[in-house]
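Structure first, then comments.
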Amino acid sequence: MIGRIESSLPTFKPLRFGPGLNVLLTQKSPGATERQTRNGAGKTSFVELVHFLLGSNADPRHFLRAEKALETATFSMAFDLSGARVEVERSASRPNEFVIAQGDPSQWPCKPKLDKKTGHLTLRREDWNANLGCLMFGLPAPAGQEERRFGPTFRSLFSYFARRQGSGGFLRPEQHAEKQSPWDQQVAVTFLLGLDPAIPQELQEVRQREKALTEFRRAAREGAFGELIEKAADLRTKVTVSEARAARLREQLATFHVVPQYREHEQEASRITVRLAELANDNQADRQLVLQLREAVTAEAPPRFAEVKQAYEEAGVVLPGLVVKRFEDVERFHRSIVENRRSHLRAEIDAAEERIRARDHEKQGLDERRAQIMGLLESGGALEHFSQLQAEVARIESNTESLRRRYEAADTLERKGAELEVERARLHQRLQDDHHEQRDVIDEAVLTFENLSTALYEKAGSLTVEATVNGPVFEIKIEASRSKGINNMQIFCFDMMLMELWAKRGRGPGVLIHDSHLFDGVDERQVAHALEIGAERAKLHGFQYIVTMNEDAVPRAALPSSFDFDRHVLDVRLTDASEGGGLFGFRFD
């Protein structure tokens with residue numbers, strides 16, 4: 001519950017609040033534009049100021065820092081925190097520092113530090129938010145940044161009790177800001193209803209891993225890693241084939257024999273082969289010569305002089321004795337020549353055959369030497385070849401290892417995908433079990449929402465809490481399609497329902513703030529009912545309901561005579577009639 005809000009700014013209008021319904025009213029002067037009324041009086045700025053004092057981020061674009069006259073001012077708020085009155089101060093010039101001007105922080109999880117220069121007790125923004133979350137909503141004390149990952153935070157939870165128009169807080173009941181992540185909606189609403197927020201929290205962890213897995217696969221397919229990502233089954237086959245090839249090469253390497261002077265032996269074997277070819281050619285030539293010589297020996301014969309003598313005798317010519325003798329001498333001479341010729345040819349044949357035998361003998365020796373060399377070469381290889389084989393073995397083993405790692409990565413990816421599906425199913429089961437076990441909690445929220453909506457409309461609305469595989473889904477319905485502001489009234493009922501639940505638990509912020517934007521487009525009868533319900537429920541459950549409104553939007557005609565609206569209006573009346581009529585005492589953009 002808020003007691004007061006003040007500022008060191010001289011023109012600021014201090015605000016004091018009481019229990020129950022509090023209305024911060026803005027008087028709209030005749031002829032004032034919509035912009036003057038809505039942006040100049042300070043109703044929306046009041047909501048932002050509450051957030052500012054309760055730990056919201058104040059970046060350079062924040063209106064308190066953007067306006068020079070406001071940046072140096074200090075703002076303070078006195079409010080009840082965990083049953084004790086606390087006063088906090090903050091200045092836009094030192095946005096990360098909160099001064100504890102009143103209260104006993106001895107039991108706070110994050111203790112303030114004493115500023116020796118000023119004598120003030122100060123806290124950093126994250127510590128102040130941690131204290132608020134612990135003392136207001138019962139969040140666990142911060143033990144480490146990792147433990148709070150995707151968990152409920154004070155800033156997200158409190159935003160359901162003080163929605164901001166500038167953040168898109170009036171779009172959907174379960175959403176307090178336009179940019180609020182779906183997981184944060186699930187975690188926050190689950191926690192606020194009293195269910196187990198760890199389930200949607202863990203589900204978001206699964207989503208993160210699924211997202212990382214999907215992005216990695218997409219990047220791999222589209223980028224330079226495309227060839228590295230294949231199916232595990234395909235890579236397993238490649239690994240098997242590559243491992244077998246590497247094993248064969250290692251076996252060859254283990255039995256490899258390095259032959260000394262490998263190149264000299266190789267060259268000698270080549271020379272022997274050439275020499276053997278030469279010897280074979282020479283033998284062929286000599287064998288052809290022997291054949292020719294033997295034919296010549298057979299063909300050699302002396303002239304047949306007896307046949308000449310017989311021819312003369314048959315012709316009746318008697319040759320004298322001297323002529324006959326001459327024929328016999330010539331015949332002997334020719335026989336001698338033929339004999340000498342045959343002897344020479346036989347000698348030539350013997351020489352050729354001897355050369356053939358010599359070459360055959362040389363060939364036999366060369367063949368034996370070549371066989372010896374070839375056997376030596378076949379049993380091993382050169383050192384160069386050995387080094388090449390070693391390099392090839394290293395290359396194949398490296399490739400095998402690369403394939404093995406790719407296979408392991410692909411297998412891991414596929415296993416991770418399967419594991420995440422199993423984890424999703426497990427969390428879905430846990431969520432169903434939690435909703436079943438916490439049926440009473442859900443029923444209380446459903447009935448509270450129904451009662452509130454029934455007070456607004458003839459036909460009751462409904463709150464549905466469903467456990468899905470994507471986490472809890474909260475569906476809010478009020479069947480009154482003719483009402484322009486039906487969505488806003490869904491938000492009203494939802495927020496009021498949360499406020500009642502926390503008030504019954506004896507915890508929570510103790511205050512619900514609704515900006516005038518909530519009532520935009522809402523029928524004045526529903527606005528009147530909402531004000532009545534807010535005042536009634538706040539009184540019944542002991543919480544504070546703060547509303548900001550334009551005076552001309554107050555549905556006085558629709559309010560029952562028994563409802564004294566003016567009794568709930570704050571003493572401070574904002575106006576757009578003058579430059580100094582707004583909350584801060586001057587107009588700014």
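We name chains A, B, ... following the order of the structure tokens; residues begin at 1 in each chain, and ligands are numbered from 1 as shown.
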Using only C-alpha atoms, what table do you get, as CSV, when you list each residue of range 51-170 of chain A with an atom no more than 6 Å from range 503-524 of chain A, its nearest pair of atoms, and their distance in Å rounded to one decimal, rows by chain then rising number?
residue,atom,partner,partner_atom,distance
A:Met136,CA,A:Gly508,CA,4.9
A:Phe137,CA,A:Gly508,CA,5.2
A:Phe161,CA,A:Leu512,CA,4.9
A:Ala162,CA,A:Ile513,CA,4.7
So which residues touch Phe150 in chain A within 9 Å, counting only C-alpha atoms, skipping near sequence neighbours fewer than 5 positions away, as number ranges by chain?
A: 183-184, 187, 198, 200-202, 204-205
Judged by only C-alpha atoms, the minimum distance to Thr190 in chain A among A:His529, A:Lys116, A:Arg537, A:His435 is found for A:His435
Show which residues sit within 6 Å of range 39-52 of chain A, as number ranges by chain. Count only C-alpha atoms, and ignore same-chain residues fewer than 6 positions away.
A: 548, 574-576, 582-583, 587
Give me a file of those residues, with C-alpha atoms, as a CSV table (one decimal), in the first residue's frame.
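Once everything was written out, this is again-v2.csv:
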chain,number,residue,atom,x,y,z
A,548,THR,CA,-6.4,7.9,-12.6
A,574,LEU,CA,-4.6,17.9,-11.6
A,575,THR,CA,-5.7,20.3,-14.3
A,576,ASP,CA,-4.7,21.2,-17.8
A,582,GLY,CA,0.0,19.2,-13.8
A,583,LEU,CA,1.6,16.8,-11.4
A,587,ARG,CA,4.3,21.1,-18.9
What separation in Å, quoted to one decimal, exists between CA of Pro95 in chain A and CA of Ala66 in chain A?
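Going from CA of Pro95 in chain A over to CA of Ala66 in chain A, I get 12.5 Å.
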